[in-house]
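Trainee: Structure file protein33.cif, mmCIF, C-alpha atoms and all ligand atoms, is pasted below:
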```cif
data_my_file
loop_
_atom_site.label_atom_id
_atom_site.label_comp_id
_atom_site.auth_asym_id
_atom_site.auth_seq_id
_atom_site.Cartn_x
_atom_site.Cartn_y
_atom_site.Cartn_z
CA MET A 151 99.99 -134.69 -47.55
CA GLU A 152 99.64 -137.61 -49.92
CA LEU A 153 98.13 -136.77 -53.34
CA LEU A 154 95.26 -139.24 -52.95
CA VAL A 155 94.34 -137.82 -49.53
CA ALA A 156 94.36 -134.27 -50.95
CA VAL A 157 92.17 -135.25 -53.92
CA VAL A 158 89.63 -137.24 -51.88
CA THR A 159 89.42 -134.50 -49.22
CA ALA A 160 89.06 -131.86 -51.93
CA LEU A 161 86.17 -133.70 -53.60
CA TRP A 162 84.45 -134.34 -50.26
CA VAL A 163 84.55 -130.74 -49.05
CA ALA A 164 83.76 -129.24 -52.47
CA LEU A 165 80.71 -131.43 -53.15
CA PRO A 166 78.26 -129.06 -51.33
CA THR A 167 79.49 -126.28 -53.65
CA TYR A 168 79.13 -128.44 -56.79
CA ILE A 169 75.55 -129.60 -56.24
CA PRO A 170 73.61 -126.29 -56.02
CA ASN A 171 74.08 -124.99 -59.56
CA ASN A 172 73.36 -128.41 -61.04
CA VAL A 173 70.15 -128.67 -59.02
CA ALA A 174 69.31 -125.14 -60.21
CA VAL A 175 69.58 -126.30 -63.82
CA LEU A 176 67.13 -129.14 -63.10
CA ALA A 177 64.73 -127.04 -60.98
CA GLY A 178 65.10 -123.65 -62.70
CA GLY A 179 62.24 -121.77 -64.27
CA GLY A 180 59.53 -119.41 -63.19
CA ARG A 181 60.06 -115.93 -61.88
CA PRO A 182 63.53 -114.46 -62.43
CA ILE A 183 65.13 -112.94 -59.32
CA ASP A 184 65.49 -109.55 -61.03
CA SER A 185 61.79 -109.69 -62.06
CA GLY A 186 62.84 -108.72 -65.57
CA ARG A 187 64.35 -105.41 -64.45
CA ASP A 188 67.05 -103.62 -66.40
CA TRP A 189 69.92 -101.73 -64.84
CA ARG A 190 72.22 -99.47 -66.84
CA GLY A 191 70.96 -100.71 -70.17
CA ALA A 192 70.97 -104.45 -69.55
CA ARG A 193 69.19 -106.98 -67.36
CA LEU A 194 70.22 -106.88 -63.72
CA LEU A 195 70.82 -110.68 -63.70
CA GLY A 196 68.76 -112.18 -66.53
CA ASP A 197 66.17 -114.92 -66.98
CA GLY A 198 68.76 -117.60 -66.12
CA LYS A 199 68.69 -116.77 -62.37
CA THR A 200 65.33 -117.79 -60.94
CA TRP A 201 63.92 -118.03 -57.41
CA ARG A 202 62.98 -121.66 -57.86
CA GLY A 203 66.37 -122.71 -59.22
CA SER A 204 68.28 -120.78 -56.56
CA LEU A 205 66.24 -122.00 -53.58
CA ALA A 206 66.20 -125.60 -54.81
CA GLY A 207 69.96 -125.39 -55.39
CA ILE A 208 70.66 -124.11 -51.87
CA VAL A 209 68.43 -126.77 -50.31
CA GLY A 210 70.07 -129.46 -52.47
CA GLY A 211 73.54 -128.37 -51.33
CA ILE A 212 72.48 -128.35 -47.68
CA VAL A 213 71.01 -131.85 -47.98
CA ILE A 214 74.25 -133.13 -49.56
CA ALA A 215 76.41 -131.55 -46.84
CA LEU A 216 74.24 -133.10 -44.10
CA ALA A 217 74.31 -136.46 -45.88
CA LEU A 218 78.13 -136.31 -46.12
CA ASN A 219 78.28 -135.58 -42.38
CA GLY A 220 76.06 -138.59 -41.74
CA LEU A 221 78.33 -140.79 -43.87
CA ASN A 222 81.58 -139.37 -42.49
CA ASP A 223 82.41 -142.11 -39.98
CA PRO A 224 81.76 -145.17 -42.14
CA VAL A 225 83.43 -143.62 -45.22
CA SER A 226 86.46 -142.34 -43.27
CA ASP A 227 86.86 -145.81 -41.74
CA ALA A 228 86.44 -147.61 -45.05
CA ILE A 229 89.00 -145.54 -46.97
CA GLY A 230 91.34 -144.80 -44.08
CA ILE A 231 91.21 -141.03 -44.59
CA ASP A 232 90.03 -138.70 -41.81
CA LEU A 233 87.43 -136.71 -43.79
CA PRO A 234 86.33 -133.29 -42.47
CA VAL A 235 82.91 -132.83 -40.84
CA PHE A 236 81.04 -129.69 -41.99
CA PRO A 237 80.11 -127.34 -39.14
CA ILE A 238 76.49 -126.17 -39.44
CA ALA A 239 77.56 -122.65 -40.54
CA ILE A 240 79.49 -124.21 -43.43
CA VAL A 241 76.57 -126.53 -44.28
CA LEU A 242 74.59 -123.35 -44.93
CA MET A 243 77.29 -121.07 -46.39
CA PHE A 244 78.80 -123.37 -49.02
CA PRO A 245 75.54 -123.88 -50.95
CA LEU A 246 74.50 -120.24 -50.45
CA GLY A 247 77.93 -119.09 -51.64
CA ALA A 248 77.78 -121.36 -54.70
CA ILE A 249 74.47 -119.86 -55.81
CA LEU A 250 75.52 -116.27 -55.01
CA GLY A 251 78.84 -116.71 -56.81
CA ASP A 252 77.09 -117.85 -59.99
CA MET A 253 74.65 -114.95 -59.62
CA THR A 254 77.49 -112.46 -59.17
CA ALA A 255 79.02 -113.75 -62.40
CA SER A 256 75.69 -113.19 -64.20
CA PHE A 257 75.63 -109.63 -62.84
CA VAL A 258 79.16 -109.04 -64.18
CA LYS A 259 78.28 -110.69 -67.52
CA ARG A 260 75.30 -108.38 -68.00
CA ARG A 261 77.41 -105.31 -67.16
CA THR A 262 80.02 -106.37 -69.71
CA GLY A 263 77.56 -106.93 -72.56
CA ARG A 264 77.45 -110.73 -72.34
CA ASP A 265 73.99 -112.12 -73.07
CA ARG A 266 72.31 -114.86 -71.09
CA GLY A 267 73.99 -118.17 -71.73
CA SER A 268 77.20 -116.66 -73.09
CA ALA A 269 80.43 -118.33 -72.00
CA PHE A 270 82.73 -116.51 -69.62
CA PRO A 271 85.77 -118.79 -69.39
CA ILE A 272 87.42 -119.27 -65.99
CA VAL A 273 84.73 -117.16 -64.27
CA ASP A 274 82.05 -119.74 -65.20
CA GLN A 275 84.22 -122.54 -63.80
CA LEU A 276 85.22 -120.95 -60.50
CA ASP A 277 82.67 -118.23 -59.56
CA PHE A 278 80.60 -120.52 -57.31
CA LEU A 279 83.68 -122.00 -55.62
CA ILE A 280 85.29 -118.64 -54.85
CA MET A 281 82.13 -117.17 -53.29
CA ALA A 282 81.60 -120.35 -51.24
CA LEU A 283 85.17 -120.11 -49.92
CA VAL A 284 84.72 -116.40 -49.11
CA LEU A 285 81.49 -117.02 -47.17
CA GLY A 286 83.12 -120.02 -45.50
CA MET A 287 86.02 -117.84 -44.34
CA ILE A 288 83.55 -115.36 -42.87
CA ALA A 289 81.44 -118.05 -41.19
CA ASP A 290 84.17 -120.29 -39.72
CA PRO A 291 87.73 -119.18 -40.52
CA GLN A 292 89.36 -121.72 -38.19
CA TRP A 293 87.64 -124.69 -39.83
CA MET A 294 88.46 -123.30 -43.28
CA LEU A 295 92.17 -122.90 -42.48
CA ASP A 296 92.31 -126.39 -40.94
CA VAL A 297 90.69 -128.03 -43.97
CA PHE A 298 91.94 -125.97 -46.92
CA VAL A 299 95.65 -126.63 -46.56
CA VAL A 300 97.66 -125.92 -49.71
CA PRO A 301 97.48 -129.42 -51.30
CA VAL A 302 93.67 -129.54 -50.83
CA LEU A 303 93.26 -126.04 -52.25
CA VAL A 304 95.44 -126.85 -55.27
CA ALA A 305 93.50 -130.09 -55.87
CA ILE A 306 90.19 -128.20 -55.79
CA VAL A 307 91.34 -125.46 -58.15
CA VAL A 308 92.56 -128.08 -60.64
CA ILE A 309 89.65 -130.54 -60.34
CA THR A 310 86.75 -128.03 -60.24
CA PRO A 311 87.04 -126.65 -63.81
CA VAL A 312 87.46 -130.17 -65.21
CA LEU A 313 84.34 -131.40 -63.37
CA HIS A 314 82.39 -128.24 -64.24
CA ILE A 315 83.13 -128.54 -67.95
CA SER A 316 82.34 -132.26 -68.05
CA THR A 317 79.08 -132.11 -66.05
CA ASN A 318 77.83 -129.18 -68.15
CA ALA A 319 78.72 -131.00 -71.36
CA ILE A 320 76.76 -134.03 -70.11
CA ALA A 321 73.80 -131.82 -69.13
CA TYR A 322 73.88 -130.32 -72.64
CA VAL A 323 73.96 -133.71 -74.35
CA LEU A 324 71.03 -134.83 -72.15
CA GLY A 325 69.11 -131.73 -73.23
CA LEU A 326 69.02 -130.25 -69.71
CA LYS A 327 71.10 -127.19 -70.60
CA ASN A 328 70.94 -124.90 -73.63
CA GLU A 329 74.71 -124.45 -73.91
CA PRO A 330 77.54 -126.88 -73.24
CA TRP A 331 79.17 -124.58 -70.59
N1 LIG B 401 69.22 -121.55 -62.98
C1 LIG B 401 68.28 -120.96 -62.13
N2 LIG B 401 68.70 -120.22 -61.05
C2 LIG B 401 70.02 -120.08 -60.77
C3 LIG B 401 70.98 -120.67 -61.63
C4 LIG B 401 70.55 -121.39 -62.73
O1 LIG B 401 67.09 -121.10 -62.35
N3 LIG B 401 70.40 -119.37 -59.69
C5 LIG B 401 68.74 -122.34 -64.14
C6 LIG B 401 68.20 -121.45 -65.27
O2 LIG B 401 67.15 -122.15 -65.87
C7 LIG B 401 69.41 -121.31 -66.19
C8 LIG B 401 70.04 -122.69 -66.11
O3 LIG B 401 69.82 -123.09 -64.75
O4 LIG B 401 69.07 -120.95 -67.50
C9 LIG B 401 71.51 -122.70 -66.45
O5 LIG B 401 72.24 -121.95 -65.51
P1 LIG B 401 73.42 -120.97 -65.95
O6 LIG B 401 74.25 -121.56 -67.02
O7 LIG B 401 74.08 -120.53 -64.69
O8 LIG B 401 72.57 -119.71 -66.50
P2 LIG B 401 72.48 -119.05 -67.94
O9 LIG B 401 71.12 -119.31 -68.48
O10 LIG B 401 73.67 -119.45 -68.75
O11 LIG B 401 72.56 -117.50 -67.63
P3 LIG B 401 73.85 -116.58 -67.33
O12 LIG B 401 74.38 -116.14 -68.65
O13 LIG B 401 73.28 -115.47 -66.53
O14 LIG B 401 74.82 -117.41 -66.53
MG MG B 402 75.33 -120.52 -68.52
#
```
For the file at hand, write its structure as structure tokens.
Ligand code: CTP
Ligand code: MG
Mentor:
Amino acid sequence: MELLVAVVTALWVALPTYIPNNVAVLAGGGRPIDSGRDWRGARLLGDGKTWRGSLAGIVGGIVIALALNGLNDPVSDAIGIDLPVFPIAIVLMFPLGAILGDMTASFVKRRTGRDRGSAFPIVDQLDFLIMALVLGMIADPQWMLDVFVVPVLVAIVVITPVLHISTNAIAYVLGLKNEPW
């Protein structure tokens, strides 16, 4: 597979996993999912994981995946690359996985003494992607194996941390996020 095809395909299929946590930053606030509860001496998840942010993030990711499906034909034609269409199970599971992956990381951070907003390198950059891929494999393994061939997977694992770090840095500079990670 040509490098450009791998990179463009990687960005296309990963977009529904990138959007949810960014929407959550914009929409977040209100009641935390753990309702302020502690577990084993620390918050279960923390104030950074809210119902509003999580639900808005999932809906945002679903809308993006559906929009990409709607644009698939014209964009594939225009760039001469046969872009994948998201099956409905993946439309739902990628955004859900992205939010749950980030939440799982918060759970692990609290268990390991990391306060809300602390940096957790590598985990912060890939948690959402890994959980989205796991849920995708459960929901539609055949589609996942067809789409995530080795060059696409390598492109995603390289591009995702770079995009994550840069979008968070931009959100910080714009005053949308409290920390630059
Ligand atoms: N956010 C939210 N719900 C989510 C994820 C994020 O409401 N499921 C919002 C919160 O306002 C959060 C902000 O987005 O503070 C930034 O998200 P993130 O960096 O993931 O959370 P942190 O505040 O850093 O908390 P943690 O240490 O638990 O990751
Ligand atoms: Mg954070």
Trainee: Could you list, as number ranges by chain, all protein and nucleic acid residues with an atom at most 10 Å from ligand LIG 401 (chain B), counting all atoms listed in the file?
Mentor: A: 170-183, 193-208, 248-260, 264-270, 274, 278, 318, 321, 326-331
Trainee: Report as JSON, numbers by chain all protein, DNA and RNA residues lying within 10 Å of Leu165 of chain A, evaluated on only C-alpha atoms, omitting residues in the same chain fewer than 2 positions from it.
Mentor: {"A": [160, 161, 162, 163, 167, 168, 169, 170, 211, 214, 215, 218, 244, 245, 310]}
Trainee: Edge lengths and centre in Å to one decimal, as lines of an AutoDock Vina configuration file, is what I'm after for the box along x, y and z that holds all listed atoms of segment 220-225 of chain A once 4 Å is added on each side.
Mentor:
```
center_x = 79.7
center_y = -141.9
center_z = -42.6
size_x = 15.4
size_y = 14.6
size_z = 13.2
```
Trainee: Which polymer residues have any atom within 7 Å of an atom of Val302 of chain A, counting only C-alpha atoms, with same-chain residues fewer than 4 positions away left out, as a PyMOL selection string?
Mentor: chain A and resi 156-157+159-160+298+306
Trainee: In Å, rounded to a single decimal, give me how far atom CA of Asp277 of chain A is from atom CA of Gly191 of chain A.
Mentor: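 Calculated distance between atom CA of Gly191 of chain A and atom CA of Asp277 of chain A is 23.6 Å.
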Trainee: Find the residue from A:Met287, A:Val213, A:Val308, A:Val273 that sits nearest to ligand MG 402 (chain B); use only C-alpha atoms and all ligand atoms when measuring.
Mentor: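 The answer is A:Val273, which sits nearest to ligand MG 402 (chain B).
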Trainee: Using atom CA of Ile315 of chain A and atom CA of Ile272 of chain A as the two end points, give the distance in Å to one decimal.
Mentor: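 Computed distance, atom CA of Ile315 of chain A to atom CA of Ile272 of chain A, equals 10.4 Å.
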Trainee: Any idea what the distance is between atom CA of Leu285 of chain A and atom CA of Leu242 of chain A?
Mentor: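 These two atoms are separated by 9.6 Å.
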Trainee: Around (80.3, -118.4, -48.5), as given in the file, which residues come within 6 Å? Count all atoms listed in the file and list them as a ChimeraX atom specification.
Mentor: /A:243-244,247,281-286
Trainee: Store the residues of this selection in a file with C-alpha atoms, as a PDB file, in the frame of the given file.
Mentor:
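Output file part_7.pdb follows:
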```pdb
ATOM      1  CA  MET A 243      77.290-121.070 -46.390  1.00  0.00           C
ATOM      2  CA  PHE A 244      78.800-123.370 -49.020  1.00  0.00           C
ATOM      3  CA  GLY A 247      77.930-119.090 -51.640  1.00  0.00           C
ATOM      4  CA  MET A 281      82.130-117.170 -53.290  1.00  0.00           C
ATOM      5  CA  ALA A 282      81.600-120.350 -51.240  1.00  0.00           C
ATOM      6  CA  LEU A 283      85.170-120.110 -49.920  1.00  0.00           C
ATOM      7  CA  VAL A 284      84.720-116.400 -49.110  1.00  0.00           C
ATOM      8  CA  LEU A 285      81.490-117.020 -47.170  1.00  0.00           C
ATOM      9  CA  GLY A 286      83.120-120.020 -45.500  1.00  0.00           C
TER      10      GLY A 286
END
```
Trainee: How would you write as a PyMOL selection string the residues that get within 6 Å of (86.5, -135.0, -38.8) in the file's frame, counting only C-alpha atoms?
Mentor: chain A and resi 232-235
Trainee: Rank A:Gln275, A:Thr262, A:Asn219, A:Ser226 by their smallest atom-to-atom distance to ligand MG 402 (chain B), using all atoms listed in the file, and report the top residue only.
Mentor: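 Between A:Gln275, A:Thr262, A:Asn219, A:Ser226, the residue approaching ligand MG 402 (chain B) most closely is A:Gln275.
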Trainee: Pick out the closest residue to ligand MG 402 (chain B) from this set: A:Val304, A:Leu324, A:Val209, A:Ala319. Count all atoms listed in the file.
Mentor: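 So, comparing all the options, the nearest one is A:Ala319.
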Trainee: Can you work out which one of A:Asp184, A:Gly325, A:Ile229, A:Ile288 has the shortest atom-to-atom distance to Val158 of chain A, counting all atoms listed in the file?
Mentor: A:Ile229
Trainee: For Gly210 of chain A, which residue among A:Ala192, A:Ile238, A:Leu246, A:Val225 is the nearest when counting all atoms listed in the file?
Mentor: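 Result for the nearest residue to Gly210 of chain A: A:Leu246.
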Trainee: Go through A:Ala228, A:Val241, A:Pro271, A:Glu152 and flag the residue nearest ligand MG 402 (chain B), using all atoms listed in the file for the distances.
Mentor: A:Pro271
Trainee: Could segment 237-263 of chain A be completed with N, CA and C atoms and returned as a JSON list (two decimals), in the coordinates of the input?
Mentor:
```
[["chain", "number", "residue", "atom", "x", "y", "z"],
["A", 237, "PRO", "N", 80.86, -128.01, -40.19],
["A", 237, "PRO", "CA", 80.11, -127.34, -39.14],
["A", 237, "PRO", "C", 78.81, -126.78, -39.74],
["A", 238, "ILE", "N", 77.79, -126.57, -38.91],
["A", 238, "ILE", "CA", 76.49, -126.17, -39.44],
["A", 238, "ILE", "C", 76.57, -124.85, -40.24],
["A", 239, "ALA", "N", 77.44, -123.92, -39.80],
["A", 239, "ALA", "CA", 77.56, -122.65, -40.54],
["A", 239, "ALA", "C", 78.06, -122.89, -41.96],
["A", 240, "ILE", "N", 78.95, -123.88, -42.10],
["A", 240, "ILE", "CA", 79.49, -124.21, -43.43],
["A", 240, "ILE", "C", 78.45, -124.97, -44.26],
["A", 241, "VAL", "N", 77.67, -125.82, -43.60],
["A", 241, "VAL", "CA", 76.57, -126.53, -44.28],
["A", 241, "VAL", "C", 75.67, -125.52, -44.98],
["A", 242, "LEU", "N", 75.44, -124.38, -44.34],
["A", 242, "LEU", "CA", 74.59, -123.35, -44.93],
["A", 242, "LEU", "C", 75.35, -122.47, -45.93],
["A", 243, "MET", "N", 76.57, -122.07, -45.59],
["A", 243, "MET", "CA", 77.29, -121.07, -46.39],
["A", 243, "MET", "C", 77.85, -121.60, -47.70],
["A", 244, "PHE", "N", 78.26, -122.87, -47.75],
["A", 244, "PHE", "CA", 78.80, -123.37, -49.02],
["A", 244, "PHE", "C", 77.74, -123.37, -50.13],
["A", 245, "PRO", "N", 76.56, -123.92, -49.89],
["A", 245, "PRO", "CA", 75.54, -123.88, -50.95],
["A", 245, "PRO", "C", 75.08, -122.45, -51.27],
["A", 246, "LEU", "N", 74.90, -121.65, -50.22],
["A", 246, "LEU", "CA", 74.50, -120.24, -50.45],
["A", 246, "LEU", "C", 75.57, -119.53, -51.28],
["A", 247, "GLY", "N", 76.83, -119.72, -50.92],
["A", 247, "GLY", "CA", 77.93, -119.09, -51.64],
["A", 247, "GLY", "C", 77.99, -119.54, -53.10],
["A", 248, "ALA", "N", 77.73, -120.83, -53.33],
["A", 248, "ALA", "CA", 77.78, -121.36, -54.70],
["A", 248, "ALA", "C", 76.73, -120.67, -55.57],
["A", 249, "ILE", "N", 75.53, -120.51, -55.05],
["A", 249, "ILE", "CA", 74.47, -119.86, -55.81],
["A", 249, "ILE", "C", 74.76, -118.36, -55.99],
["A", 250, "LEU", "N", 75.22, -117.71, -54.92],
["A", 250, "LEU", "CA", 75.52, -116.27, -55.01],
["A", 250, "LEU", "C", 76.71, -115.99, -55.92],
["A", 251, "GLY", "N", 77.68, -116.89, -55.94],
["A", 251, "GLY", "CA", 78.84, -116.71, -56.81],
["A", 251, "GLY", "C", 78.44, -116.76, -58.28],
["A", 252, "ASP", "N", 77.59, -117.72, -58.61],
["A", 252, "ASP", "CA", 77.09, -117.85, -59.99],
["A", 252, "ASP", "C", 76.25, -116.63, -60.36],
["A", 253, "MET", "N", 75.49, -116.13, -59.39],
["A", 253, "MET", "CA", 74.65, -114.95, -59.62],
["A", 253, "MET", "C", 75.51, -113.70, -59.82],
["A", 254, "THR", "N", 76.57, -113.59, -59.03],
["A", 254, "THR", "CA", 77.49, -112.46, -59.17],
["A", 254, "THR", "C", 78.12, -112.46, -60.57],
["A", 255, "ALA", "N", 78.44, -113.66, -61.06],
["A", 255, "ALA", "CA", 79.02, -113.75, -62.40],
["A", 255, "ALA", "C", 78.00, -113.29, -63.44],
["A", 256, "SER", "N", 76.71, -113.65, -63.26],
["A", 256, "SER", "CA", 75.69, -113.19, -64.20],
["A", 256, "SER", "C", 75.59, -111.66, -64.18],
["A", 257, "PHE", "N", 75.67, -111.09, -62.97],
["A", 257, "PHE", "CA", 75.63, -109.63, -62.84],
["A", 257, "PHE", "C", 76.79, -109.01, -63.63],
["A", 258, "VAL", "N", 77.98, -109.57, -63.48],
["A", 258, "VAL", "CA", 79.16, -109.04, -64.18],
["A", 258, "VAL", "C", 79.02, -109.26, -65.70],
["A", 259, "LYS", "N", 78.47, -110.42, -66.09],
["A", 259, "LYS", "CA", 78.28, -110.69, -67.52],
["A", 259, "LYS", "C", 77.35, -109.64, -68.14],
["A", 260, "ARG", "N", 76.25, -109.34, -67.44],
["A", 260, "ARG", "CA", 75.30, -108.38, -68.00],
["A", 260, "ARG", "C", 75.92, -106.99, -68.10],
["A", 261, "ARG", "N", 76.75, -106.62, -67.14],
["A", 261, "ARG", "CA", 77.41, -105.31, -67.16],
["A", 261, "ARG", "C", 78.43, -105.22, -68.28],
["A", 262, "THR", "N", 78.96, -106.37, -68.69],
["A", 262, "THR", "CA", 80.02, -106.37, -69.71],
["A", 262, "THR", "C", 79.48, -106.81, -71.07],
["A", 263, "GLY", "N", 78.15, -106.69, -71.25],
["A", 263, "GLY", "CA", 77.56, -106.93, -72.56],
["A", 263, "GLY", "C", 77.44, -108.38, -72.96]]
```
